[in-house]
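Participant: Structure file start-v8.cif (mmCIF, C-alpha atoms) is given on the next line.
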```cif
data_input
#
loop_
_atom_site.group_PDB
_atom_site.id
_atom_site.type_symbol
_atom_site.label_atom_id
_atom_site.label_comp_id
_atom_site.auth_asym_id
_atom_site.auth_seq_id
_atom_site.Cartn_x
_atom_site.Cartn_y
_atom_site.Cartn_z
ATOM 1 C CA MET A 1 8.770 -55.398 23.452
ATOM 2 C CA SER A 2 11.526 -53.289 24.937
ATOM 3 C CA SER A 3 11.031 -50.554 27.473
ATOM 4 C CA SER A 4 12.356 -47.872 25.074
ATOM 5 C CA GLU A 5 9.375 -48.157 22.690
ATOM 6 C CA ASN A 6 6.616 -45.597 23.035
ATOM 7 C CA VAL A 7 3.304 -47.334 23.637
ATOM 8 C CA THR A 8 0.003 -45.524 23.415
ATOM 9 C CA GLY A 9 -3.184 -47.030 24.659
ATOM 10 C CA ALA A 10 -4.987 -47.246 27.959
ATOM 11 C CA SER A 11 -1.966 -46.007 29.883
ATOM 12 C CA GLY A 12 -0.756 -43.565 27.208
ATOM 13 C CA PRO A 13 -1.645 -39.885 26.896
ATOM 14 C CA ARG A 14 -5.039 -39.057 25.448
ATOM 15 C CA THR A 15 -6.002 -35.900 23.668
ATOM 16 C CA HIS A 16 -9.553 -34.833 23.093
ATOM 17 C CA HIS A 17 -10.448 -33.421 19.687
ATOM 18 C CA ASN A 18 -12.483 -30.544 21.206
ATOM 19 C CA LYS A 19 -9.793 -29.440 23.623
ATOM 20 C CA GLY A 20 -9.843 -25.687 24.082
ATOM 21 C CA ARG A 21 -13.157 -25.130 22.306
ATOM 22 C CA LYS A 22 -16.052 -23.493 24.053
ATOM 23 C CA ARG A 23 -19.399 -25.233 23.872
ATOM 24 C CA THR A 24 -22.036 -23.251 22.067
ATOM 25 C CA PRO A 25 -25.487 -23.158 23.619
ATOM 26 C CA ASN A 26 -28.339 -24.905 21.839
ATOM 27 C CA ARG A 27 -30.216 -22.336 19.840
ATOM 28 C CA SER A 28 -33.757 -22.992 18.759
ATOM 29 C CA LEU A 29 -36.326 -20.971 16.915
ATOM 30 C CA GLU A 30 -39.043 -19.345 18.913
ATOM 31 C CA SER A 31 -42.346 -21.169 18.710
ATOM 32 C CA ALA A 32 -45.693 -19.476 18.296
ATOM 33 C CA SER A 33 -47.334 -18.641 21.574
ATOM 34 C CA SER A 34 -50.904 -19.357 20.451
ATOM 35 C CA LEU A 35 -52.880 -20.853 17.577
ATOM 36 C CA SER A 36 -53.904 -17.391 16.394
ATOM 37 C CA ASP A 37 -50.224 -16.649 15.624
ATOM 38 C CA MET A 38 -49.995 -19.694 13.327
ATOM 39 C CA THR A 39 -50.954 -20.051 9.681
ATOM 40 C CA ALA A 40 -53.795 -22.440 8.868
ATOM 41 C CA VAL A 41 -52.745 -25.217 6.475
ATOM 42 C CA THR A 42 -54.816 -27.723 4.540
ATOM 43 C CA VAL A 43 -53.021 -30.783 3.198
ATOM 44 C CA THR A 44 -54.603 -33.087 0.666
ATOM 45 C CA GLY A 45 -53.540 -36.596 -0.193
ATOM 46 C CA HIS A 46 -54.574 -40.069 -1.226
ATOM 47 C CA CYS A 47 -55.161 -43.153 0.895
ATOM 48 C CA ASP A 48 -54.776 -46.719 -0.377
ATOM 49 C CA SER A 49 -58.003 -48.684 -0.515
ATOM 50 C CA ALA A 50 -56.190 -51.960 0.251
ATOM 51 C CA PRO A 51 -54.484 -52.407 3.625
ATOM 52 C CA THR A 52 -50.716 -52.884 3.941
ATOM 53 C CA GLU A 53 -48.922 -55.024 6.518
ATOM 54 C CA TRP A 54 -47.189 -52.960 9.238
ATOM 55 C CA GLN A 55 -43.826 -54.683 8.644
ATOM 56 C CA LEU A 56 -43.901 -53.756 4.921
ATOM 57 C CA LEU A 57 -44.565 -50.064 5.606
ATOM 58 C CA PRO A 58 -41.289 -48.110 5.314
ATOM 59 C CA THR A 59 -40.088 -46.028 8.253
ATOM 60 C CA PHE A 60 -41.151 -42.345 8.161
ATOM 61 C CA SER A 61 -44.052 -43.006 5.804
ATOM 62 C CA THR A 62 -47.569 -41.727 6.483
ATOM 63 C CA PHE A 63 -50.456 -44.082 7.149
ATOM 64 C CA SER A 64 -53.902 -44.287 8.671
ATOM 65 C CA LEU A 65 -55.660 -47.008 10.614
ATOM 66 C CA SER A 66 -58.890 -46.326 8.727
ATOM 67 C CA PRO A 67 -59.499 -46.559 4.964
ATOM 68 C CA ASP A 68 -60.847 -42.993 4.761
ATOM 69 C CA GLY A 69 -57.466 -41.534 5.835
ATOM 70 C CA SER A 70 -58.683 -39.921 9.031
ATOM 71 C CA PHE A 71 -56.216 -39.579 11.897
ATOM 72 C CA PRO A 72 -52.963 -39.637 9.870
ATOM 73 C CA LYS A 73 -49.845 -41.004 11.522
ATOM 74 C CA ILE A 74 -46.126 -41.403 10.713
ATOM 75 C CA LYS A 75 -44.252 -44.668 11.280
ATOM 76 C CA SER A 76 -41.165 -43.719 13.332
ATOM 77 C CA SER A 77 -39.616 -47.168 13.922
ATOM 78 C CA LYS A 78 -40.407 -50.880 13.680
ATOM 79 C CA SER A 79 -42.746 -50.679 16.649
ATOM 80 C CA ALA A 80 -43.706 -47.009 17.038
ATOM 81 C CA PHE A 81 -45.576 -44.214 15.315
ATOM 82 C CA ILE A 82 -46.233 -40.505 15.764
ATOM 83 C CA ASP A 83 -49.783 -39.181 15.705
ATOM 84 C CA ILE A 84 -49.734 -36.096 13.472
ATOM 85 C CA LYS A 85 -52.652 -34.380 15.218
ATOM 86 C CA THR A 86 -51.439 -34.832 18.803
ATOM 87 C CA GLN A 87 -47.678 -35.056 18.043
ATOM 88 C CA LYS A 88 -47.390 -37.909 20.559
ATOM 89 C CA ASN A 89 -45.104 -40.895 20.049
ATOM 90 C CA GLN A 90 -46.835 -44.220 20.621
ATOM 91 C CA THR A 91 -45.034 -47.540 20.980
ATOM 92 C CA GLY A 92 -46.053 -51.165 21.186
ATOM 93 C CA ILE A 93 -47.051 -51.868 17.582
ATOM 94 C CA ALA A 94 -45.811 -55.300 16.506
ATOM 95 C CA THR A 95 -48.118 -56.475 13.729
ATOM 96 C CA GLY A 96 -51.263 -55.375 12.002
ATOM 97 C CA ARG A 97 -52.590 -53.692 8.930
ATOM 98 C CA CYS A 98 -52.765 -50.038 8.006
ATOM 99 C CA TYR A 99 -53.610 -47.904 5.003
ATOM 100 C CA ARG A 100 -50.697 -46.159 3.320
ATOM 101 C CA MET A 101 -51.199 -42.447 2.659
ATOM 102 C CA TYR A 102 -49.634 -40.253 -0.001
ATOM 103 C CA LEU A 103 -49.709 -36.566 0.876
ATOM 104 C CA GLY A 104 -49.349 -33.739 -1.563
#
```
Take the structure from the file and write it as structure tokens.
Facilitator:
Amino acid sequence: MSSSENVTGASGPRTHHNKGRKRTPNRSLESASSLSDMTAVTVTGHCDSAPTEWQLLPTFSTFSLSPDGSFPKIKSSKSAFIDIKTQKNQTGIATGRCYRMYLG
């Protein structure tokens, strides 16, 4: 390689694709301040009578640990779920059985 060739790379000039743009602040919707400001919702659904293996349950599907469908949860990853009632993410699930739920 001769010294007259233009080489870009680690030592070459870099341009950033957002150069000159101003960052916009994160805008979020206002949340309700109390439960009395919220609308009450009742959701019905069906719960499988036969348990399903945790590994076979698709991500982001609803399930319950009991056959009556109480305490619904959402599988968020291979080893975690979100409790719908408390909105808390829980990790540490590796294997087990659960009951698939179909809402709507």
Participant: Quick one: of A:Ile74, A:Ile84, A:Val41, A:Ala32, who's nearest to A:Trp54, counting all atoms listed in the file?
Facilitator: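 Closest candidate: A:Ile74.
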Participant: Quick check, in Å to one decimal: how far apart do atom CA of A:Thr59 and atom CA of A:Leu103 lie?
Facilitator: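 Distance reported for this atom pair: 15.4 Å.
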Participant: Counting only C-alpha atoms, figure out which residue out of A:Thr91, A:Ser28, A:Ser66, A:Thr39 gets nearest to A:Pro51.
Facilitator: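 Closest to A:Pro51 of all the choices is A:Ser66.
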Participant: For atom CA of A:Leu56 and atom CA of A:Thr42, determine how far apart the two atoms are, in Å to one decimal place.
Facilitator: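 Computed distance, atom CA of A:Leu56 to atom CA of A:Thr42, equals 28.2 Å.
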Participant: Please determine, counting all atoms listed in the file, which residue among A:Ser64, A:Gly69, A:Ser49, A:Ser31 has the shortest atom-to-atom distance to A:Ile82.
Facilitator: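 Closest candidate: A:Ser64.
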Participant: Evaluating the PyMOL selection byres ((chain A and resi 62) around 7) on the displayed file yields which residues, as a PyMOL selection string?
Facilitator: chain A and resi 60-61+63+72-75+100-102
Participant: Store the residues picked out above, limited to C-alpha atoms, as an mmCIF file, keeping the file's coordinate frame.
Facilitator:
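Output (out13.cif):
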```
data_model
loop_
_atom_site.group_PDB
_atom_site.id
_atom_site.type_symbol
_atom_site.label_atom_id
_atom_site.label_comp_id
_atom_site.auth_asym_id
_atom_site.auth_seq_id
_atom_site.Cartn_x
_atom_site.Cartn_y
_atom_site.Cartn_z
ATOM 1 C CA PHE A 60 -41.151 -42.345 8.161
ATOM 2 C CA SER A 61 -44.052 -43.006 5.804
ATOM 3 C CA PHE A 63 -50.456 -44.082 7.149
ATOM 4 C CA PRO A 72 -52.963 -39.637 9.870
ATOM 5 C CA LYS A 73 -49.845 -41.004 11.522
ATOM 6 C CA ILE A 74 -46.126 -41.403 10.713
ATOM 7 C CA LYS A 75 -44.252 -44.668 11.280
ATOM 8 C CA ARG A 100 -50.697 -46.159 3.320
ATOM 9 C CA MET A 101 -51.199 -42.447 2.659
ATOM 10 C CA TYR A 102 -49.634 -40.253 -0.001
#
```
Participant: Hey, can you check how far atom CA of A:Ser79 sits from atom CA of A:Cys47?
Facilitator: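 Taking atom CA of A:Ser79 and atom CA of A:Cys47, their separation equals 21.4 Å.
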Participant: Would you mind listing what lies within 8 Å of A:Ala80 as a list in words, with only C-alpha atoms counted and same-chain residues fewer than 4 positions away left out?
Facilitator: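 That gives Lys75, Ser76, Asn89, Gln90, Thr91, Gly92 and Ile93 of chain A.
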